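Colleague: Structure in structure tokens, see below.
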Amino acid sequence: IYTFIPKKIDANETYPLMVYVHGGVHANLSSKDYHIIEELLDQGYIVVSPEYRGSTGYGEQYYKLIDYGGLEIEDTFAARNWAVENLEHVDAERVGIMGWSHGGMHTLFNIFNYPESYLAAFAGVPVSDLLARMAYKGEGYRKLFSADYHIGKTAVEDPQEYKKRSPVWHANKLQTPLRIHTTTNDEDVNVLEVENLINALKAEGKDFEYEIYENAPGGHVFDRIDTKEAKDIRFKAYDFLAKYLNPPFKKD
């Protein structure tokens, strides 16, 4: 677990916690995330970022421990609980979670499974529908999921298992305030996945915010890159989260 604490905290005060979940089926927290973490710290969040099972950089054994949409989600939740229990300046009543892509999937499953533990959430270009994903991704990607250390079967062989690990099939569980971003030119998480999620949440009568951008520059990373346009979109997510988490240094 990576832990980041703002420099200018008051020792007598408590601060909101943000669980920041890195993306990638197999990846790790890296320099591409640091500007976002810095923006969160500047607002007054304490930030924790879990290296959940399957993350890279910890050897083959840890890589192969991945339990996609299963125990890896529990690892992220455990990071949240560790921070609340061990970091004295964390306000346990003000905990948010956010992530993009696979991190967005972690975000969704965490609020679906543990709604009482998060006050607000943001999911950017979230992996949402594995059945749809297996249909448009290449054979190499499908083989990753059917490997014996992974799900172990193809979506054709066991569609129910892939549904179980897809947020779209759990939309009825949403209770936490949620904002979603996607773009029509995403070359990794096709917009149809996120549209399926949005439609499922609407069908369940859920109250949430979302924006579907049209061919936004950057595609999959459109609101994470270091441009003014991307930052403006990113701050829409921050503004949404701040309504519930009230970070002390957030400027209107």
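Chain lettering (A, B, ...) mirrors the order of the structure tokens, residue numbering begins at 1 for each chain separately, and ligand numbering begins at 1 in order of display.
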Tell me which protein, DNA and RNA residues are within 9 Å of segment 134-149 of chain A, counting only C-alpha atoms, leaving out same-chain ones fewer than 2 positions away, and put them as a VMD selection string.
Modeller: chain A and resid 64 to 68 129 to 132 151 to 155 188 190
Colleague: Can those selected residues be exported to a file as a PDB file, in the first residue's frame so that it contains C-alpha atoms?
Modeller:
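The resulting file, selection.pdb, is shown below:
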```
ATOM      1  CA  LYS A  64      -0.378 -15.033 -10.866  1.00  0.00           C
ATOM      2  CA  LEU A  65      -2.368 -14.483  -7.677  1.00  0.00           C
ATOM      3  CA  ILE A  66      -4.789 -12.301  -9.614  1.00  0.00           C
ATOM      4  CA  ASP A  67      -8.425 -13.065  -8.942  1.00  0.00           C
ATOM      5  CA  TYR A  68     -10.072 -10.764 -11.459  1.00  0.00           C
ATOM      6  CA  ASP A 129     -18.816  -5.810 -19.063  1.00  0.00           C
ATOM      7  CA  LEU A 130     -16.423  -8.731 -19.517  1.00  0.00           C
ATOM      8  CA  LEU A 131     -18.721 -10.597 -21.883  1.00  0.00           C
ATOM      9  CA  ALA A 132     -18.773  -7.633 -24.255  1.00  0.00           C
ATOM     10  CA  ILE A 151     -10.441 -17.252 -14.608  1.00  0.00           C
ATOM     11  CA  GLY A 152      -9.434 -20.555 -16.171  1.00  0.00           C
ATOM     12  CA  LYS A 153     -12.220 -20.738 -18.746  1.00  0.00           C
ATOM     13  CA  THR A 154     -13.315 -18.720 -21.744  1.00  0.00           C
ATOM     14  CA  ALA A 155     -16.452 -16.611 -21.731  1.00  0.00           C
ATOM     15  CA  ASP A 188      -9.070   0.235 -24.698  1.00  0.00           C
ATOM     16  CA  ASN A 190     -14.875   0.612 -25.704  1.00  0.00           C
TER      17      ASN A 190
END
```
Colleague: Which neighbours of Gly57 of chain A fall inside 10 Å, counting only C-alpha atoms, when residues of the same chain fewer than 2 positions from it are skipped, and could you give them as a PDB file with N, CA and C atoms, in the first residue's frame?
Modeller:
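Contents of out_1.pdb, freshly written:
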```pdb
ATOM      1  N   HIS A  26      -2.825  -6.225 -15.248  1.00  0.00           N
ATOM      2  CA  HIS A  26      -1.589  -6.401 -14.497  1.00  0.00           C
ATOM      3  C   HIS A  26      -0.788  -5.113 -14.678  1.00  0.00           C
ATOM      4  N   ALA A  27      -0.653  -4.321 -13.624  1.00  0.00           N
ATOM      5  CA  ALA A  27       0.101  -3.068 -13.702  1.00  0.00           C
ATOM      6  C   ALA A  27       0.473  -2.658 -12.286  1.00  0.00           C
ATOM      7  N   ASN A  28       0.893  -1.410 -12.116  1.00  0.00           N
ATOM      8  CA  ASN A  28       1.270  -0.927 -10.788  1.00  0.00           C
ATOM      9  C   ASN A  28       1.165   0.591 -10.761  1.00  0.00           C
ATOM     10  N   LEU A  29       1.186   1.141  -9.569  1.00  0.00           N
ATOM     11  CA  LEU A  29       1.225   2.591  -9.433  1.00  0.00           C
ATOM     12  C   LEU A  29       2.537   3.082 -10.017  1.00  0.00           C
ATOM     13  N   GLU A  51      -1.445  -1.962  -4.015  1.00  0.00           N
ATOM     14  CA  GLU A  51      -0.865  -2.821  -5.054  1.00  0.00           C
ATOM     15  C   GLU A  51      -1.515  -4.194  -4.883  1.00  0.00           C
ATOM     16  N   GLY A  54      -1.900  -9.492  -8.284  1.00  0.00           N
ATOM     17  CA  GLY A  54      -1.854  -9.394  -9.738  1.00  0.00           C
ATOM     18  C   GLY A  54      -1.081  -8.193 -10.227  1.00  0.00           C
ATOM     19  N   SER A  55      -0.763  -7.250  -9.306  1.00  0.00           N
ATOM     20  CA  SER A  55       0.028  -6.084  -9.697  1.00  0.00           C
ATOM     21  C   SER A  55       1.432  -6.519 -10.110  1.00  0.00           C
ATOM     22  N   GLY A  59       7.086  -9.946  -8.720  1.00  0.00           N
ATOM     23  CA  GLY A  59       7.451 -11.292  -9.107  1.00  0.00           C
ATOM     24  C   GLY A  59       6.300 -12.088  -9.698  1.00  0.00           C
ATOM     25  N   GLU A  60       6.667 -13.230 -10.266  1.00  0.00           N
ATOM     26  CA  GLU A  60       5.692 -14.064 -10.974  1.00  0.00           C
ATOM     27  C   GLU A  60       4.605 -14.596 -10.049  1.00  0.00           C
ATOM     28  N   TYR A  62       3.230 -13.331  -7.319  1.00  0.00           N
ATOM     29  CA  TYR A  62       2.223 -12.313  -7.008  1.00  0.00           C
ATOM     30  C   TYR A  62       1.395 -11.978  -8.244  1.00  0.00           C
ATOM     31  N   TYR A  63       2.056 -11.919  -9.386  1.00  0.00           N
ATOM     32  CA  TYR A  63       1.384 -11.670 -10.664  1.00  0.00           C
ATOM     33  C   TYR A  63       0.278 -12.697 -10.900  1.00  0.00           C
TER      34      TYR A  63
END
```
Colleague: Report the residues of segment 5-208 of chain A whose backbone DSSP state falls under strand (DSSP E or B), written as an NGL selection string.
Modeller: :A and (15-21 or 46-49 or 90-100 or 120-124 or 178-183)
Colleague: For segment 171-173 of chain A, work out the shell of residues within 9 Å, counting only C-alpha atoms and skipping chain neighbours fewer than 4 positions away, then give it as a PyMOL selection string.
Modeller: chain A and resi 111-113+115+167+197-198+200-206
Colleague: Can I get the selected residues back with N, CA and C atoms, as a tab-separated table (two decimals), in the first residue's frame?
Modeller:
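Output file out-v6.tsv follows:
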```tsv
chain	number	residue	atom	x	y	z
A	111	ILE	N	-17.79	-0.06	-4.16
A	111	ILE	CA	-19.00	0.60	-3.67
A	111	ILE	C	-20.22	-0.30	-3.79
A	112	PHE	N	-20.22	-1.22	-4.75
A	112	PHE	CA	-21.33	-2.17	-4.84
A	112	PHE	C	-21.32	-3.14	-3.65
A	113	ASN	N	-20.13	-3.61	-3.29
A	113	ASN	CA	-20.02	-4.62	-2.25
A	113	ASN	C	-19.99	-4.03	-0.84
A	115	PRO	N	-21.14	-0.56	0.32
A	115	PRO	CA	-21.67	0.80	0.16
A	115	PRO	C	-21.56	1.65	1.42
A	167	PRO	N	-19.09	-5.53	-13.46
A	167	PRO	CA	-19.92	-4.59	-12.70
A	167	PRO	C	-21.32	-4.40	-13.26
A	197	LEU	N	-23.16	-0.19	-18.76
A	197	LEU	CA	-23.25	0.08	-17.33
A	197	LEU	C	-24.24	1.20	-17.04
A	198	ILE	N	-24.13	2.28	-17.78
A	198	ILE	CA	-25.02	3.44	-17.59
A	198	ILE	C	-26.47	3.02	-17.78
A	200	ALA	N	-27.71	0.01	-17.48
A	200	ALA	CA	-28.11	-0.90	-16.41
A	200	ALA	C	-28.44	-0.13	-15.13
A	201	LEU	N	-27.65	0.89	-14.83
A	201	LEU	CA	-27.93	1.71	-13.65
A	201	LEU	C	-29.24	2.48	-13.80
A	202	LYS	N	-29.49	2.99	-15.00
A	202	LYS	CA	-30.76	3.68	-15.25
A	202	LYS	C	-31.93	2.72	-15.12
A	203	ALA	N	-31.78	1.51	-15.65
A	203	ALA	CA	-32.86	0.52	-15.57
A	203	ALA	C	-33.19	0.16	-14.13
A	204	GLU	N	-32.20	0.26	-13.25
A	204	GLU	CA	-32.42	-0.02	-11.83
A	204	GLU	C	-32.91	1.21	-11.07
A	205	GLY	N	-33.07	2.32	-11.80
A	205	GLY	CA	-33.57	3.55	-11.17
A	205	GLY	C	-32.55	4.23	-10.27
A	206	LYS	N	-31.27	4.04	-10.54
A	206	LYS	CA	-30.22	4.59	-9.69
A	206	LYS	C	-29.93	6.05	-10.03
```
Colleague: Nearest to Ala242 of chain A: which of A:Phe222, A:Tyr114, A:Phe122, A:Tyr20 is it, counting only C-alpha atoms?
Modeller: A:Phe122
Colleague: Which of these, A:His150, A:Arg80, A:Lys228, A:Arg94, has the shortest distance to Val25 of chain A once you count only C-alpha atoms?
Modeller: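 Checking each candidate against Val25 of chain A, we get A:His150 as the closest.
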Colleague: Give me the residues within 6 Å of Tyr45 of chain A as a list in words, counting only C-alpha atoms and dropping any in the same chain fewer than 3 places off.
Modeller: Pro16, Leu17, Leu40 and Leu41 of chain A
Colleague: Emit the selected residues as a tab-separated table (two decimals), in the first residue's frame, including C-alpha atoms.
Modeller:
```
chain	number	residue	atom	x	y	z
A	16	PRO	CA	-10.81	12.79	4.13
A	17	LEU	CA	-9.30	9.63	2.72
A	40	LEU	CA	-5.62	15.10	-4.47
A	41	LEU	CA	-3.01	16.01	-1.86
```
Colleague: Can you tell me, as a list in words, what residues are no more than 10 Å from segment 208-211 of chain A when counting only C-alpha atoms, ignoring any on the same chain fewer than 6 positions away?
Modeller: Phe122, Ala123, Gly124, Leu174, Gln175, Thr176, Pro177, Leu178, Arg179, Ile180, His181, Thr182, Thr183, Val194, Ile198, Leu201, Lys202, Ile233, Ala237 and Phe240 of chain A
Colleague: Counting only C-alpha atoms, what is within 7 Å of Pro248 of chain A, bar same-chain residues fewer than 2 positions away, as a VMD selection string?
Modeller: chain A and resid 43 to 44 246 250
Colleague: Looking only at alpha helix (DSSP H) from DSSP on the backbone, list the matching residues of segment 83-113 of chain A as JSON, numbers by chain.
Modeller: {"A": [83, 84, 85, 86, 102, 103, 104, 105, 106, 107, 108, 109, 110, 111, 112, 113]}
Colleague: Go ahead and compute the interatomic distance for atom CA of Glu214 of chain A and atom CA of Thr107 of chain A, in Å to one decimal.
Modeller: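 Computed distance, atom CA of Glu214 of chain A to atom CA of Thr107 of chain A, equals 23.6 Å.
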Colleague: Pick from A:Glu187, A:Glu193, A:Asp207, A:Asp91: nearest to Val221 of chain A, with only C-alpha atoms counted?
Modeller: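 Using only C-alpha atoms, Val221 of chain A sits closest to A:Glu187.
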Colleague: Taking into account only C-alpha atoms, which residue in the set A:Ser166, A:Asn86, A:Thr56, A:Thr14 is nearest to Leu108 of chain A?
Modeller: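 Distance minimum relative to Leu108 of chain A lands on A:Ser166.
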Colleague: Just want the 10 Å neighbourhood of His22 of chain A, counted on only C-alpha atoms, with same-chain residues fewer than 4 positions away dropped. Output as a ChimeraX atom specification.
Modeller: /A:26-30,32-33,49-52,55,98-104,106
Colleague: Expressed in Å to a single decimal, how great is the separation between atom CA of Met105 of chain A and atom CA of Val90 of chain A?
Modeller: 24.4 Å
Colleague: Pick the closest to Trp82 of chain A from A:Asn215, A:Thr3, A:Thr227, A:Thr184: which is it, counting only C-alpha atoms?
Modeller: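 Comparing A:Asn215, A:Thr3, A:Thr227, A:Thr184 against Trp82 of chain A, the winner is A:Thr3.
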